[in-house]
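Undergrad: Structure provided below as structure tokens; questions to follow.
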Amino acid sequence: MSAFTLVTAAPPTPNGDLHLGHLSGPYSGADIRIRAQRLLGQGGLFLTGSDVHQSYVPTKARRDGVEPLEMAEGFADEIARIFASADFAPDAYVRPWRSELHRDIVHEFFARLHARGALRVRTEQALFCAGCDRYLFEAHLTGKCPHCGAASDGNSCENCALPNQVTDVVDAVCNACGGRPDERPVERLVFPLSEYAERLSAFHAATVMSPQLEALCADMIERGLPDIPVGHPTDWGLEMPVPGFEGHRVYVWAEMMPGYFAELAESLRASGRDPEEWRTVWNDPETEIVQFFGFDNGYFHALLQPALLMAYDPGFQLPRALLTNEFYQLGSSKFSTSRRHAIWGGDLLAAVPASVARFVLAHDRPENERTSFSWDRFHELADGELAGRWQSWLTDLFARIETQAGGLVPAGGAQPSQERFLRLLERIADDCLTAYSAEHFSPRRATRLLCELVSCARDFAAAQSRTRDSGRATAALAAETAAARTLAQLAHPVMPAFASRLWTALGEEGAPRWDGVRPPAAGQRVETSARFFAPLPEDLEERVMGA
């Protein structure tokens with residue numbers, strides 16, 4: 001892992017609460033990655049914010065009869081509460097409507113693109129609703145994707161992740177009145193993405209990406225990259241800082257690139273540093289930039305935004321890893337805020353400890369294919385694995401520390417079977433730390449390795465139970481405490497509350513840190529009465545779904 005990591009998570013749109021589909025993807029991934037970085041004693045920042053300028057904000061507000069920014073403020077507050085309940089700890093959670101840094105950095109970004117000749121003025125056909133007198137794009141219209149036929153809004157398809165030109169959306173209708181749009185010419189600023197195809201291919205070859213994201217990018221480049229409007233004649237968003245286009249608003253997916261700069265600047269200011277240092281931090285050779293987002297947003301993060309960054313300044317550092325997730329489903333269809341087909345994060349976290357929820361979401365994270373949530377599966381992992389296997393081993397271990405060692409960590413030994421066990425723990429630890437790295441990032445793999453560690457420790461304890469020699473028994477007990485300590489270390493990125501509790505119960509101070517596989521210091525007092533997991537309430541589903 002690098003000496004310093006900037007981790008970004010695609011900012012959530014403040015038009016609804018967060019459901020488990022949201023939590024299972026970029027936000028849990030980013031939080032796990034930054035905690036793994038800090039576990040190793042290395043620096044980093046976790047950056048995100050509110051994607052307030054998405055057209056889904058005013059369309060939702062219009063349907064609900066509320067003022068858009070007032071609605072956004074309320075949902076941003078709720079998202080921040082859910083983050084806190086889930087132990088997600090971003091260093092920056094920027095609300096653009098409050099941030100002068102965000103506005104100024106975005107405006108400078110597009111003014112510079114214009115000054116460098118990177119933006120072109122084009123007159124193109126666009127869709128308008130005559131009845132609403134509205135320019136239609138993104139959430140303002142609905143139809144079928146011209147590429148895959150799935151239901152799609154304007155600009156991009158959630159199903160196949162390909163962009164559209166809006167005018168080619170099949171059977172498009174206005175989302176406000178249901179009317180059929182007509183085409184009219186409109187003058188816009190566009191970004192000629194195709195001019196960056198060769199540089200993008202080189203970037204992709206040097207960047208950590210999933211096979212499906214690689215395939216999406218290669219396919220789009222082979223087809224020929226489209227010109228992308230980066231400004232729209234609409235009334236929501238930041239004004240385009242280009243003469244003659246003051247009435248246009250910056251396209252929100254293009255705004256996101258400098259928005260990450262603003263999140264970095266705000267995090268620096270919050271830590272007492274000069275926010276103008278964001279350029280230095282971003283471009284430091286020791287900085288690794290890792291971005292988390294859903295696969296449906298792959299085109300924006302892997303093609304549009306890197307090309308914009310290349311145009312802004314060819315010397316700027318590009319991301320080292322682009323880490324995606326697929327949809328997390330509820331039954332046979334994806335979680336959906338708009339259709340209210342969801343289990344809401346706040347409701348679940350009010351009834352279930354954060355470490356339990358984080359473990360389940362990581363264990364079944366939709367990394368390379370869609371996975372599904374079910375209550376049976378949730379209980380299987382929470383009750384069967386955590387409250388069952390993990391807690392029973394820790395309870396038994398702590399009881400033996402109390403009865404055999406007076407509640408103190410015993411001194412270790414050098415018996416061959418115990419040395420082999422410690423080497424096994426080291427191999428599991430190496431694999432787990434690899435699963436936390438950007439290059440091989442997989443919380444699914446990491447949680448399975450944590451379960452393997454517990455299983456190996458249980459097997460070791462059973463195998464040592466026949467030992468009658470007190471010295472050998474004491475040495476075996478010390479080796480088991482090394483397993484518990486290693487579990488606290490390796491679990492910390494996924495389950496910070498549990499890991500910290502186990503760490504302190506073993507007599508360790510501060511936050512868990514990686515310093516190798518070893519038992520706590522001999523003679524250190526263990527809180528042998530500590531408990532970590534309990535069975536979930538039998539009526540959990542009713543509590544959460546009825547909330």
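In the structure tokens, chains take the letters A, B, ... in the order shown, each chain's residues start at 1, and ligands count up from 1 in the order shown.
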As a JSON list (two decimals) with all heavy atoms, in the first residue's frame, please: every residue in stretch 107-159 of chain A that DSSP puts in helix (DSSP H, G or I).
TA:
[["chain", "number", "residue", "atom", "x", "y", "z"],
["A", 107, "HIS", "N", -15.74, 26.33, -11.03],
["A", 107, "HIS", "CA", -15.71, 27.41, -12.02],
["A", 107, "HIS", "C", -14.32, 27.55, -12.63],
["A", 107, "HIS", "O", -14.19, 27.73, -13.86],
["A", 107, "HIS", "CB", -16.14, 28.72, -11.37],
["A", 107, "HIS", "CG", -17.63, 28.86, -11.25],
["A", 107, "HIS", "ND1", -18.24, 29.85, -10.51],
["A", 107, "HIS", "CD2", -18.65, 28.13, -11.78],
["A", 107, "HIS", "CE1", -19.55, 29.73, -10.60],
["A", 107, "HIS", "NE2", -19.82, 28.70, -11.36],
["A", 108, "GLU", "N", -13.28, 27.48, -11.82],
["A", 108, "GLU", "CA", -11.92, 27.59, -12.36],
["A", 108, "GLU", "C", -11.62, 26.45, -13.31],
["A", 108, "GLU", "O", -10.96, 26.63, -14.36],
["A", 108, "GLU", "CB", -10.91, 27.60, -11.20],
["A", 108, "GLU", "CG", -9.47, 27.92, -11.62],
["A", 108, "GLU", "CD", -8.69, 26.72, -12.13],
["A", 108, "GLU", "OE1", -9.05, 25.58, -11.75],
["A", 108, "GLU", "OE2", -7.72, 26.91, -12.90],
["A", 109, "PHE", "N", -12.10, 25.27, -12.99],
["A", 109, "PHE", "CA", -11.86, 24.08, -13.81],
["A", 109, "PHE", "C", -12.43, 24.29, -15.22],
["A", 109, "PHE", "O", -11.74, 24.09, -16.23],
["A", 109, "PHE", "CB", -12.51, 22.87, -13.15],
["A", 109, "PHE", "CG", -12.23, 21.55, -13.80],
["A", 109, "PHE", "CD1", -11.10, 20.82, -13.47],
["A", 109, "PHE", "CD2", -13.10, 21.02, -14.74],
["A", 109, "PHE", "CE1", -10.84, 19.59, -14.07],
["A", 109, "PHE", "CE2", -12.86, 19.79, -15.34],
["A", 109, "PHE", "CZ", -11.73, 19.08, -15.00],
["A", 110, "PHE", "N", -13.68, 24.73, -15.31],
["A", 110, "PHE", "CA", -14.30, 24.88, -16.63],
["A", 110, "PHE", "C", -13.82, 26.12, -17.36],
["A", 110, "PHE", "O", -13.73, 26.12, -18.60],
["A", 110, "PHE", "CB", -15.83, 24.83, -16.50],
["A", 110, "PHE", "CG", -16.31, 23.43, -16.28],
["A", 110, "PHE", "CD1", -16.51, 22.94, -15.00],
["A", 110, "PHE", "CD2", -16.51, 22.59, -17.35],
["A", 110, "PHE", "CE1", -16.91, 21.63, -14.79],
["A", 110, "PHE", "CE2", -16.92, 21.27, -17.16],
["A", 110, "PHE", "CZ", -17.13, 20.79, -15.88],
["A", 111, "ALA", "N", -13.50, 27.16, -16.62],
["A", 111, "ALA", "CA", -12.92, 28.34, -17.27],
["A", 111, "ALA", "C", -11.57, 27.98, -17.90],
["A", 111, "ALA", "O", -11.25, 28.42, -19.02],
["A", 111, "ALA", "CB", -12.75, 29.46, -16.26],
["A", 112, "ARG", "N", -10.82, 27.15, -17.22],
["A", 112, "ARG", "CA", -9.52, 26.73, -17.75],
["A", 112, "ARG", "C", -9.69, 25.81, -18.95],
["A", 112, "ARG", "O", -8.95, 25.93, -19.94],
["A", 112, "ARG", "CB", -8.70, 26.05, -16.66],
["A", 112, "ARG", "CG", -7.30, 25.64, -17.12],
["A", 112, "ARG", "CD", -6.45, 25.21, -15.95],
["A", 112, "ARG", "NE", -5.11, 24.84, -16.38],
["A", 112, "ARG", "CZ", -4.13, 24.53, -15.55],
["A", 112, "ARG", "NH1", -4.33, 24.57, -14.23],
["A", 112, "ARG", "NH2", -2.93, 24.20, -16.01],
["A", 113, "LEU", "N", -10.66, 24.89, -18.89],
["A", 113, "LEU", "CA", -10.92, 24.04, -20.05],
["A", 113, "LEU", "C", -11.25, 24.90, -21.27],
["A", 113, "LEU", "O", -10.76, 24.64, -22.38],
["A", 113, "LEU", "CB", -12.08, 23.09, -19.75],
["A", 113, "LEU", "CG", -11.83, 21.92, -18.80],
["A", 113, "LEU", "CD1", -13.11, 21.13, -18.60],
["A", 113, "LEU", "CD2", -10.71, 21.01, -19.31],
["A", 114, "HIS", "N", -12.07, 25.92, -21.06],
["A", 114, "HIS", "CA", -12.44, 26.81, -22.17],
["A", 114, "HIS", "C", -11.21, 27.57, -22.68],
["A", 114, "HIS", "O", -10.99, 27.67, -23.90],
["A", 114, "HIS", "CB", -13.51, 27.79, -21.71],
["A", 114, "HIS", "CG", -13.85, 28.84, -22.72],
["A", 114, "HIS", "ND1", -14.42, 28.56, -23.94],
["A", 114, "HIS", "CD2", -13.68, 30.20, -22.69],
["A", 114, "HIS", "CE1", -14.59, 29.67, -24.62],
["A", 114, "HIS", "NE2", -14.16, 30.68, -23.89],
["A", 115, "ALA", "N", -10.41, 28.09, -21.76],
["A", 115, "ALA", "CA", -9.23, 28.86, -22.16],
["A", 115, "ALA", "C", -8.23, 28.00, -22.92],
["A", 115, "ALA", "O", -7.52, 28.50, -23.81],
["A", 115, "ALA", "CB", -8.58, 29.47, -20.92],
["A", 138, "GLU", "N", -31.58, 13.75, -18.61],
["A", 138, "GLU", "CA", -31.48, 13.02, -17.33],
["A", 138, "GLU", "C", -32.85, 12.70, -16.76],
["A", 138, "GLU", "O", -33.68, 12.07, -17.41],
["A", 138, "GLU", "CB", -30.61, 13.82, -16.35],
["A", 138, "GLU", "CG", -29.13, 13.73, -16.65],
["A", 138, "GLU", "CD", -28.28, 14.20, -15.49],
["A", 138, "GLU", "OE1", -28.70, 15.12, -14.77],
["A", 138, "GLU", "OE2", -27.18, 13.64, -15.31],
["A", 139, "ALA", "N", -33.12, 13.13, -15.53],
["A", 139, "ALA", "CA", -34.33, 12.73, -14.82],
["A", 139, "ALA", "C", -35.60, 13.36, -15.37],
["A", 139, "ALA", "O", -36.70, 13.00, -14.96],
["A", 139, "ALA", "CB", -34.21, 13.08, -13.33],
["A", 140, "HIS", "N", -35.46, 14.29, -16.30],
["A", 140, "HIS", "CA", -36.64, 14.97, -16.82],
["A", 140, "HIS", "C", -37.38, 14.15, -17.88],
["A", 140, "HIS", "O", -38.45, 14.52, -18.31],
["A", 140, "HIS", "CB", -36.25, 16.33, -17.41],
["A", 140, "HIS", "CG", -35.73, 17.30, -16.38],
["A", 140, "HIS", "ND1", -36.53, 17.80, -15.38],
["A", 140, "HIS", "CD2", -34.49, 17.83, -16.20],
["A", 140, "HIS", "CE1", -35.80, 18.61, -14.62],
["A", 140, "HIS", "NE2", -34.57, 18.65, -15.09]]
Undergrad: So that I can see what lies close to A:Ser529, please list as a ChimeraX atom specification the residues with an atom at most 9 Å from it, counting only C-alpha atoms and leaving out residues fewer than 3 positions away in the same chain.
TA: /A:395,398-399,505,526
Undergrad: Grab the residues selected above and save them as a short mmCIF file (atom, residue, chain, number, x, y, z; two decimals), in the first residue's frame with N, CA and C atoms.
TA:
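Dumped everything to again_11.cif:
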data_model
loop_
_atom_site.label_atom_id
_atom_site.label_comp_id
_atom_site.auth_asym_id
_atom_site.auth_seq_id
_atom_site.Cartn_x
_atom_site.Cartn_y
_atom_site.Cartn_z
N THR A 395 -15.70 -16.59 23.82
CA THR A 395 -16.18 -16.86 25.18
C THR A 395 -15.37 -17.97 25.82
N PHE A 398 -11.71 -16.76 26.53
CA PHE A 398 -11.61 -15.87 27.67
C PHE A 398 -11.86 -16.62 28.98
N ALA A 399 -12.74 -17.62 28.94
CA ALA A 399 -12.97 -18.43 30.15
C ALA A 399 -11.71 -19.19 30.53
N ALA A 505 -10.32 -5.33 25.10
CA ALA A 505 -10.57 -6.45 26.00
C ALA A 505 -9.31 -7.28 26.19
N VAL A 526 -6.74 -9.31 30.82
CA VAL A 526 -7.78 -9.49 29.81
C VAL A 526 -9.14 -9.28 30.46
#
Undergrad: So how many Å separate atom CA of A:Pro68 and atom CA of A:Ser24, to one decimal?
TA: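 Distance reported for this atom pair: 27.1 Å.
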Undergrad: To one decimal place, how far is atom CA of A:Arg448 from atom CA of A:Ala478 in Å?
TA: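 Atom-to-atom, atom CA of A:Arg448 to atom CA of A:Ala478, that is 24.2 Å.
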Undergrad: Report, in Å to a single decimal, how far apart atom CA of A:Val57 and atom CA of A:Cys177 are.
TA: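 Separation of atom CA of A:Cys177 and atom CA of A:Val57: 17.3 Å.
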Undergrad: Excluding A:Gly413 and any residue of its chain fewer than 4 positions from it, enumerate the residues within 10 Å of it, using only C-alpha atoms, and give them as a list in words.
TA: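 Skipping anything fewer than 4 positions along the chain leaves Gln418, Glu419, Gly471, Arg472, Ala473, Thr474, Ala475, Ala476, Leu477, Ala478 and Ala479 of chain A.
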Undergrad: Check the smallest atom-to-atom distance from each of A:Val208, A:Ala202, A:Thr234, A:Glu100 to A:Asp133 using only C-alpha atoms, then report the winner.
TA: A:Thr234
Undergrad: List the spatial neighbours of stretch 88-96 of chain A as a PyMOL selection string - criterion: any atom at most 8 Å away, only C-alpha atoms, same-chain residues fewer than 5 positions off excluded.
TA: chain A and resi 27-28+31+45-52+76+80+83+102-103+263-264+266-267
Undergrad: Give me the residues of stretch 308-420 of chain A that have any atom at most 12 Å from an atom of stretch 456-463 of chain A; for each, the nearest atom pair and the distance in Å, rounded to one decimal. Use only C-alpha atoms, sort by chain and number, and format it as JSON lines.
TA:
{"residue": "A:Arg389", "atom": "CA", "partner": "A:Arg458", "partner_atom": "CA", "distance": 8.6}
{"residue": "A:Trp390", "atom": "CA", "partner": "A:Arg458", "partner_atom": "CA", "distance": 9.0}
{"residue": "A:Gln391", "atom": "CA", "partner": "A:Arg458", "partner_atom": "CA", "distance": 11.0}
{"residue": "A:Ser392", "atom": "CA", "partner": "A:Arg458", "partner_atom": "CA", "distance": 9.2}
{"residue": "A:Trp393", "atom": "CA", "partner": "A:Arg458", "partner_atom": "CA", "distance": 6.2}
{"residue": "A:Leu394", "atom": "CA", "partner": "A:Arg458", "partner_atom": "CA", "distance": 9.3}
{"residue": "A:Thr395", "atom": "CA", "partner": "A:Arg458", "partner_atom": "CA", "distance": 11.4}
{"residue": "A:Asp396", "atom": "CA", "partner": "A:Ala461", "partner_atom": "CA", "distance": 9.4}
{"residue": "A:Leu397", "atom": "CA", "partner": "A:Ala461", "partner_atom": "CA", "distance": 8.4}
{"residue": "A:Arg400", "atom": "CA", "partner": "A:Ala461", "partner_atom": "CA", "distance": 10.5}
{"residue": "A:Ser417", "atom": "CA", "partner": "A:Phe460", "partner_atom": "CA", "distance": 8.9}
{"residue": "A:Gln418", "atom": "CA", "partner": "A:Phe460", "partner_atom": "CA", "distance": 8.6}
{"residue": "A:Glu419", "atom": "CA", "partner": "A:Phe460", "partner_atom": "CA", "distance": 11.5}
{"residue": "A:Arg420", "atom": "CA", "partner": "A:Phe460", "partner_atom": "CA", "distance": 10.3}
Undergrad: Name the residues in contact with A:Ser372 at a cut-off of 7 Å, using only C-alpha atoms, excluding same-chain residues fewer than 5 positions from it; report them as a list of chain:residue names.
TA: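 Residues near the query, excluding close chain neighbours: A:Tyr328, A:Gln329, A:Leu330, A:Gly331.
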Undergrad: Just write the chosen residues, N, CA, C and O atoms, as an mmCIF file, in the first residue's frame.
TA:
data_model
loop_
_atom_site.group_PDB
_atom_site.id
_atom_site.type_symbol
_atom_site.label_atom_id
_atom_site.label_comp_id
_atom_site.auth_asym_id
_atom_site.auth_seq_id
_atom_site.Cartn_x
_atom_site.Cartn_y
_atom_site.Cartn_z
ATOM 1 N N TYR A 328 -26.711 -4.484 -5.628
ATOM 2 C CA TYR A 328 -27.129 -5.361 -4.532
ATOM 3 C C TYR A 328 -28.644 -5.432 -4.616
ATOM 4 O O TYR A 328 -29.323 -4.400 -4.588
ATOM 5 N N GLN A 329 -29.187 -6.618 -4.743
ATOM 6 C CA GLN A 329 -30.601 -6.778 -5.027
ATOM 7 C C GLN A 329 -31.394 -7.147 -3.778
ATOM 8 O O GLN A 329 -30.867 -7.735 -2.833
ATOM 9 N N LEU A 330 -32.662 -6.815 -3.826
ATOM 10 C CA LEU A 330 -33.628 -7.231 -2.810
ATOM 11 C C LEU A 330 -34.602 -8.155 -3.527
ATOM 12 O O LEU A 330 -35.421 -7.704 -4.324
ATOM 13 N N GLY A 331 -34.427 -9.449 -3.296
ATOM 14 C CA GLY A 331 -35.166 -10.404 -4.095
ATOM 15 C C GLY A 331 -34.549 -10.471 -5.476
ATOM 16 O O GLY A 331 -33.335 -10.607 -5.617
#
Undergrad: Identify, on the basis of only C-alpha atoms, every residue whose closest approach to A:Glu541 does not exceed 12 Å; exclude the query and any residue fewer than 2 positions from it along the same chain; express the result as number ranges by chain.
TA: A: 343-344, 347-348, 351-352, 374-376, 378-379, 536-539, 543-547
Undergrad: Applying 12 Å and only C-alpha atoms, which residues near stretch 310-312 of chain A remain after dropping the ones on its own chain fewer than 5 positions away? List them as a tab-separated table (two decimals) with N, CA and C atoms, in the first residue's frame.
TA:
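As a result, part_26.tsv now contains:
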chain	number	residue	atom	x	y	z
A	106	VAL	N	-14.82	24.46	-9.14
A	106	VAL	CA	-15.53	24.01	-10.34
A	106	VAL	C	-15.49	25.09	-11.41
A	108	GLU	N	-13.28	27.48	-11.82
A	108	GLU	CA	-11.92	27.59	-12.36
A	108	GLU	C	-11.62	26.45	-13.31
A	109	PHE	N	-12.10	25.27	-12.99
A	109	PHE	CA	-11.86	24.08	-13.81
A	109	PHE	C	-12.43	24.29	-15.22
A	110	PHE	N	-13.68	24.73	-15.31
A	110	PHE	CA	-14.30	24.88	-16.63
A	110	PHE	C	-13.82	26.12	-17.36
A	111	ALA	N	-13.50	27.16	-16.62
A	111	ALA	CA	-12.92	28.34	-17.27
A	111	ALA	C	-11.57	27.98	-17.90
A	112	ARG	N	-10.82	27.15	-17.22
A	112	ARG	CA	-9.52	26.73	-17.75
A	112	ARG	C	-9.69	25.81	-18.95
A	113	LEU	N	-10.66	24.89	-18.89
A	113	LEU	CA	-10.92	24.04	-20.05
A	113	LEU	C	-11.25	24.90	-21.27
A	114	HIS	N	-12.07	25.92	-21.06
A	114	HIS	CA	-12.44	26.81	-22.17
A	114	HIS	C	-11.21	27.57	-22.68
A	115	ALA	N	-10.41	28.09	-21.76
A	115	ALA	CA	-9.23	28.86	-22.16
A	115	ALA	C	-8.23	28.00	-22.92
A	116	ARG	N	-8.18	26.72	-22.61
A	116	ARG	CA	-7.24	25.81	-23.28
A	116	ARG	C	-7.81	25.28	-24.60
A	117	GLY	N	-9.01	25.70	-24.95
A	117	GLY	CA	-9.61	25.24	-26.19
A	117	GLY	C	-10.13	23.82	-26.14
A	118	ALA	N	-10.37	23.31	-24.93
A	118	ALA	CA	-10.81	21.92	-24.77
A	118	ALA	C	-12.31	21.76	-24.96
A	119	LEU	N	-13.06	22.87	-24.93
A	119	LEU	CA	-14.52	22.81	-25.10
A	119	LEU	C	-14.88	23.37	-26.47
A	191	PHE	N	-17.68	18.50	-24.99
A	191	PHE	CA	-16.31	18.03	-24.79
A	191	PHE	C	-16.08	16.89	-25.77
A	192	PRO	N	-15.08	17.01	-26.66
A	192	PRO	CA	-14.84	15.99	-27.68
A	192	PRO	C	-14.08	14.79	-27.12
A	193	LEU	N	-14.82	13.89	-26.50
A	193	LEU	CA	-14.22	12.76	-25.80
A	193	LEU	C	-13.38	11.88	-26.73
A	195	GLU	N	-11.29	12.58	-28.91
A	195	GLU	CA	-9.90	13.04	-29.09
A	195	GLU	C	-8.97	12.48	-28.02
A	196	TYR	N	-9.53	11.89	-26.99
A	196	TYR	CA	-8.71	11.38	-25.88
A	196	TYR	C	-8.67	9.86	-25.85
A	197	ALA	N	-9.16	9.22	-26.91
A	197	ALA	CA	-9.27	7.76	-26.92
A	197	ALA	C	-7.93	7.07	-26.68
A	198	GLU	N	-6.90	7.51	-27.38
A	198	GLU	CA	-5.61	6.84	-27.26
A	198	GLU	C	-5.04	7.02	-25.85
A	199	ARG	N	-5.14	8.24	-25.32
A	199	ARG	CA	-4.64	8.48	-23.96
A	199	ARG	C	-5.45	7.71	-22.92
A	200	LEU	N	-6.75	7.59	-23.15
A	200	LEU	CA	-7.58	6.83	-22.22
A	200	LEU	C	-7.21	5.35	-22.24
A	203	PHE	N	-4.19	4.99	-20.18
A	203	PHE	CA	-4.56	5.13	-18.76
A	203	PHE	C	-5.18	3.84	-18.24
A	254	ALA	N	-19.79	16.02	-15.15
A	254	ALA	CA	-18.52	16.69	-15.41
A	254	ALA	C	-18.08	17.50	-14.20
A	257	MET	N	-15.69	15.80	-11.33
A	257	MET	CA	-14.23	15.73	-11.32
A	257	MET	C	-13.62	16.84	-10.47
A	258	PRO	N	-13.89	18.13	-10.74
A	258	PRO	CA	-13.37	19.16	-9.84
A	258	PRO	C	-14.03	19.10	-8.47
A	303	LEU	N	-14.03	7.14	-18.17
A	303	LEU	CA	-13.79	7.76	-19.48
A	303	LEU	C	-13.94	9.28	-19.43
A	304	LEU	N	-15.12	9.77	-19.05
A	304	LEU	CA	-15.36	11.20	-19.11
A	304	LEU	C	-14.47	11.97	-18.14
A	305	GLN	N	-14.48	11.59	-16.88
A	305	GLN	CA	-13.74	12.37	-15.89
A	305	GLN	C	-12.22	12.31	-16.08
A	317	GLN	N	-2.10	14.04	-11.77
A	317	GLN	CA	-2.10	12.60	-11.50
A	317	GLN	C	-3.50	12.02	-11.70
A	318	LEU	N	-3.56	10.88	-12.37
A	318	LEU	CA	-4.81	10.17	-12.59
A	318	LEU	C	-4.99	9.09	-11.53
A	319	PRO	N	-6.21	8.61	-11.33
A	319	PRO	CA	-6.43	7.57	-10.32
A	319	PRO	C	-5.60	6.31	-10.59
Undergrad: With distances taken over only C-alpha atoms, which residue among A:Val173, A:Ala387, A:Ala342, A:Val281 lies nearest A:Phe373?
TA: A:Ala342
Undergrad: Looking at only C-alpha atoms, which of A:His492, A:Ala10, A:Glu124, A:Ala382 is the one that sits closest to A:Gly298?
TA: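 Looking only at the distances to A:Gly298, the closest residue turns out to be A:Ala10.
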Undergrad: Pick out the closest residue to A:Arg98 from this set: A:Ala218, A:Ala262, A:Ala3, A:Ala429. Count only C-alpha atoms.
TA: A:Ala262
